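Raw contents of data.txt, compact mmCIF, C-alpha atoms:
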```txt
# COMPACT_ATOMS: atom_id res chain seq x y z
CA MET N 1 113.67 136.48 54.45
CA ASP N 2 111.43 136.56 51.38
CA LYS N 3 112.77 135.82 47.92
CA TYR N 4 110.55 138.53 46.41
CA SER N 5 109.96 141.99 47.87
CA CYS N 6 106.70 142.61 46.01
CA PHE N 7 104.26 140.99 43.61
CA ALA N 8 105.70 142.65 40.48
CA GLU N 9 109.06 141.04 41.22
CA LEU N 10 107.42 137.64 41.80
CA ALA N 11 105.42 137.91 38.56
CA ILE N 12 108.63 138.33 36.54
CA HIS N 13 109.98 134.98 37.73
CA GLU N 14 106.90 132.85 38.46
CA VAL N 15 104.09 131.71 36.15
CA ARG N 16 100.44 132.07 37.04
CA GLY N 17 98.63 128.77 36.57
CA LYS N 18 101.87 126.81 36.95
CA ASP N 19 103.70 128.16 40.02
CA TYR N 20 100.84 130.05 41.66
CA ASP N 21 97.23 130.96 41.08
CA LEU N 22 94.58 133.30 42.41
CA ASP N 23 91.15 132.32 43.70
CA ILE N 24 89.00 135.45 43.78
CA ARG N 25 85.31 135.50 44.55
CA ARG N 26 83.82 138.97 44.63
CA ARG N 27 80.59 139.43 46.49
CA PRO N 28 79.80 143.13 45.94
CA GLU N 29 76.97 143.05 48.47
CA SER N 30 79.35 141.96 51.24
CA GLN N 31 81.30 144.34 53.46
CA VAL N 32 83.70 141.52 54.45
CA ALA N 33 86.72 140.16 52.58
CA VAL N 34 88.49 137.01 53.75
CA LEU N 35 92.06 136.47 52.54
CA ALA N 36 94.66 133.75 52.42
CA PRO N 37 97.63 135.66 50.97
CA HIS N 38 99.94 132.68 51.54
CA GLY N 39 97.57 129.89 50.53
CA GLY N 40 97.93 126.66 48.66
CA GLU N 41 101.22 125.01 49.59
CA ILE N 42 102.83 128.19 50.95
CA GLU N 43 100.99 127.95 54.29
CA PRO N 44 98.94 124.74 53.93
CA GLU N 45 95.25 124.70 54.87
CA THR N 46 94.93 128.50 54.97
CA SER N 47 93.10 128.69 51.62
CA SER N 48 90.66 126.02 52.69
CA ILE N 49 89.92 127.76 55.99
CA ALA N 50 89.49 131.16 54.30
CA GLU N 51 87.22 129.64 51.67
CA ARG N 52 85.04 127.96 54.28
CA ILE N 53 84.72 131.22 56.23
CA SER N 54 83.73 133.04 53.02
CA LEU N 55 80.81 130.65 52.48
CA ALA N 56 78.82 132.89 54.84
CA GLY N 57 78.53 135.32 51.92
CA PHE N 58 81.88 137.10 52.14
CA SER N 59 84.31 137.98 49.35
CA LEU N 60 87.36 135.71 49.08
CA TYR N 61 90.93 136.15 47.90
CA CYS N 62 93.51 133.36 47.96
CA PHE N 63 97.03 133.55 46.56
CA GLU N 64 97.93 129.88 46.19
CA GLY N 65 101.30 128.22 45.77
CA LEU N 66 101.07 125.36 43.25
CA LYS N 67 104.67 124.14 43.01
CA SER N 68 105.48 120.52 43.78
CA LYS N 69 108.15 121.85 46.15
CA GLY N 70 109.68 125.17 47.14
CA ASN N 71 106.44 127.11 47.64
CA ARG N 72 108.01 129.12 50.46
CA ALA N 73 109.73 131.13 47.70
CA LEU N 74 106.28 132.54 46.81
CA HIS N 75 105.81 134.08 50.26
CA ILE N 76 105.62 137.88 50.23
CA THR N 77 105.49 139.28 53.74
CA SER N 78 102.11 140.83 54.57
CA HIS N 79 103.21 144.47 54.61
CA ASN N 80 104.74 144.01 51.16
CA PHE N 81 101.87 141.94 49.74
CA ASP N 82 100.64 144.13 46.89
CA GLU N 83 99.09 141.83 44.30
CA PRO N 84 96.86 144.25 42.34
CA GLU N 85 93.65 142.20 42.35
CA CYS N 86 93.91 141.72 46.10
CA LEU N 87 94.47 145.43 46.70
CA ALA N 88 91.43 146.26 44.54
CA LEU N 89 89.27 143.73 46.37
CA VAL N 90 90.15 144.74 49.93
CA ALA N 91 89.78 148.46 49.14
CA LYS N 92 86.06 147.86 48.56
CA HIS N 93 85.44 146.10 51.88
CA GLU N 94 84.94 147.56 55.35
CA TRP N 95 86.11 144.44 57.18
CA VAL N 96 89.21 142.45 56.18
CA VAL N 97 90.26 139.21 57.81
CA ALA N 98 93.44 137.42 56.72
CA ILE N 99 94.15 133.78 57.48
CA HIS N 100 97.83 132.90 57.85
CA GLY N 101 99.84 129.93 58.99
CA CYS N 102 102.66 130.01 61.50
CA ALA N 103 105.11 127.56 62.99
CA GLY N 104 104.41 126.07 66.37
CA ALA N 105 104.34 122.69 68.03
CA GLY N 106 100.90 122.99 69.59
CA GLU N 107 97.47 124.15 68.54
CA MET N 108 97.92 127.91 68.67
CA ILE N 109 96.10 131.00 67.39
CA PHE N 110 97.70 134.44 67.37
CA MET N 111 95.78 137.54 66.32
CA GLY N 112 97.05 140.84 65.05
CA GLY N 113 96.01 143.82 62.97
CA LEU N 114 94.81 147.35 63.57
CA ASP N 115 91.14 146.56 64.20
CA LYS N 116 91.47 146.22 67.99
CA PRO N 117 87.70 146.10 68.70
CA LEU N 118 87.23 143.25 66.20
CA ILE N 119 90.25 141.41 67.62
CA THR N 120 88.65 141.67 71.07
CA ASP N 121 85.31 140.40 69.71
CA PHE N 122 87.01 137.41 68.06
CA ALA N 123 89.09 136.64 71.17
CA ASN N 124 86.04 136.76 73.45
CA ALA N 125 83.89 134.64 71.14
CA LEU N 126 86.62 132.03 70.62
CA SER N 127 87.40 131.90 74.34
CA ALA N 128 83.69 131.37 75.09
CA VAL N 129 83.77 128.12 73.08
CA GLY N 130 87.07 126.96 74.58
CA ILE N 131 89.46 128.05 71.83
CA PRO N 132 92.22 130.17 73.39
CA THR N 133 93.94 132.93 71.43
CA LYS N 134 96.86 135.21 72.04
CA THR N 135 96.29 138.85 71.10
CA ALA N 136 99.49 140.47 72.38
CA GLY N 137 103.06 139.64 73.31
CA HIS N 138 103.82 137.68 70.15
CA SER N 139 105.63 138.38 66.89
CA PHE N 140 102.51 138.51 64.70
CA ALA N 141 101.25 142.00 65.60
CA GLY N 142 100.14 142.83 62.04
CA GLU N 143 100.15 146.54 62.89
CA HIS N 144 102.05 147.84 59.87
CA ARG N 145 99.72 150.18 57.95
CA ARG N 146 100.64 148.41 54.70
CA ASN N 147 99.84 144.94 56.05
CA ILE N 148 97.30 143.54 53.61
CA CYS N 149 94.74 143.06 56.39
CA ASN N 150 94.90 146.81 57.14
CA ARG N 151 94.37 148.00 53.57
CA GLY N 152 90.58 147.79 53.45
CA ALA N 153 88.19 150.72 53.38
CA ARG N 154 88.64 151.32 57.15
CA ASP N 155 92.48 151.03 57.13
CA ALA N 156 92.21 148.37 59.85
CA GLY N 157 91.75 144.63 59.81
CA VAL N 158 92.56 141.38 61.56
CA GLN N 159 95.05 138.66 60.81
CA PHE N 160 94.86 135.20 62.29
CA GLU N 161 98.10 133.24 62.55
CA LEU N 162 97.18 129.58 62.96
CA SER N 163 99.75 126.91 63.80
CA LEU N 164 99.81 123.86 61.51
CA PRO N 165 98.59 121.57 64.33
CA PHE N 166 95.60 123.89 64.78
CA ARG N 167 94.95 124.09 61.02
CA ARG N 168 94.77 120.29 60.98
CA SER N 169 92.77 119.92 64.18
CA ASN N 170 89.15 119.05 64.87
CA GLU N 171 88.69 122.60 66.20
CA VAL N 172 88.72 124.17 62.73
CA PRO N 173 84.96 123.83 62.03
CA LEU N 174 84.15 125.51 65.35
CA PHE N 175 86.74 128.23 64.65
CA ILE N 176 85.15 128.88 61.24
CA GLU N 177 81.66 129.02 62.76
CA VAL N 178 82.74 131.53 65.41
CA VAL N 179 84.57 133.75 62.91
CA GLN N 180 81.51 133.76 60.62
CA ARG N 181 79.20 134.58 63.51
CA VAL N 182 81.35 137.50 64.73
CA LEU N 183 81.63 138.92 61.21
```
For the structure just supplied, provide its representation as structure tokens.
Amino acid sequence: MDKYSCFAELAIHEVRGKDYDLDIRRRPESQVAVLAPHGGEIEPETSSIAERISLAGFSLYCFEGLKSKGNRALHITSHNFDEPECLALVAKHEWVVAIHGCAGAGEMIFMGGLDKPLITDFANALSAVGIPTKTAGHSFAGEHRRNICNRGARDAGVQFELSLPFRRSNEVPLFIEVVQRVL
């Protein structure tokens, strides 16, 4: 259960630059936006992974928790995530990919979102290099129309849910390379 139901509610109680911050890099020539809506210390390593993917020339948006503890309170579930600068950024991009973190004991990747062809392309490309993914039968479907990954120009996107062991694994550079190549 989230503490805040939307960004406006969070902004009343939390201070930008102290409790959270935004890292936004607009690349108007790009049709791709890469997001980490729960970055910083909310879902550790997600901002770093999103940023590294964006180095291929994609726009970047990271909402980053900065607190010394209690960053989970900054989590706004993806279908309620409505930070205005993020909404404005994704609306101008055809392809939206969100990087999230999830709980799990092993190195796991779950994919969701409404862009089923892109999910299939990612799954096939990752499988080809020995990185397994799960695209169905999990609780990270990301199919809500208001999910931030689905609010781009095409009303469909992809969310990756990466377990903490995966986010801290040696597989991350290969994962980033494959995601960049598919995009």
(message) Report, in Å to a single decimal, how far apart atom CA of N:Gly101 and atom CA of N:Ser163 are.
(response) 5.7 Å
(message) If we count all atoms listed in the file and set the cut-off at 7 Å, which residues sit around N:Ser59, ignoring sequence neighbours fewer than 4 positions away in its own chain? Please answer as number ranges by chain.
(response) N: 25-27, 30, 32-34, 54
(request) Identify which of the residues N:Gly106, N:Pro37, N:Pro44, N:Pro84 lies closest to N:Cys62, counting all atoms listed in the file when measuring atom-to-atom distances. (result)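 The answer is N:Pro37, which sits nearest to N:Cys62.
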(message) For a test of reading the model, state the distance in Å between atom CA of N:Leu35 and atom CA of N:Ala50, rounded to one decimal.
(response) 6.2 Å
(message) Just to confirm, what's the straight-line distance from atom CA of N:Ala105 to atom CA of N:Gly142 in Å (one decimal)?
(response)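 Interatomic distance, atom CA of N:Ala105 to atom CA of N:Gly142: 21.4 Å.
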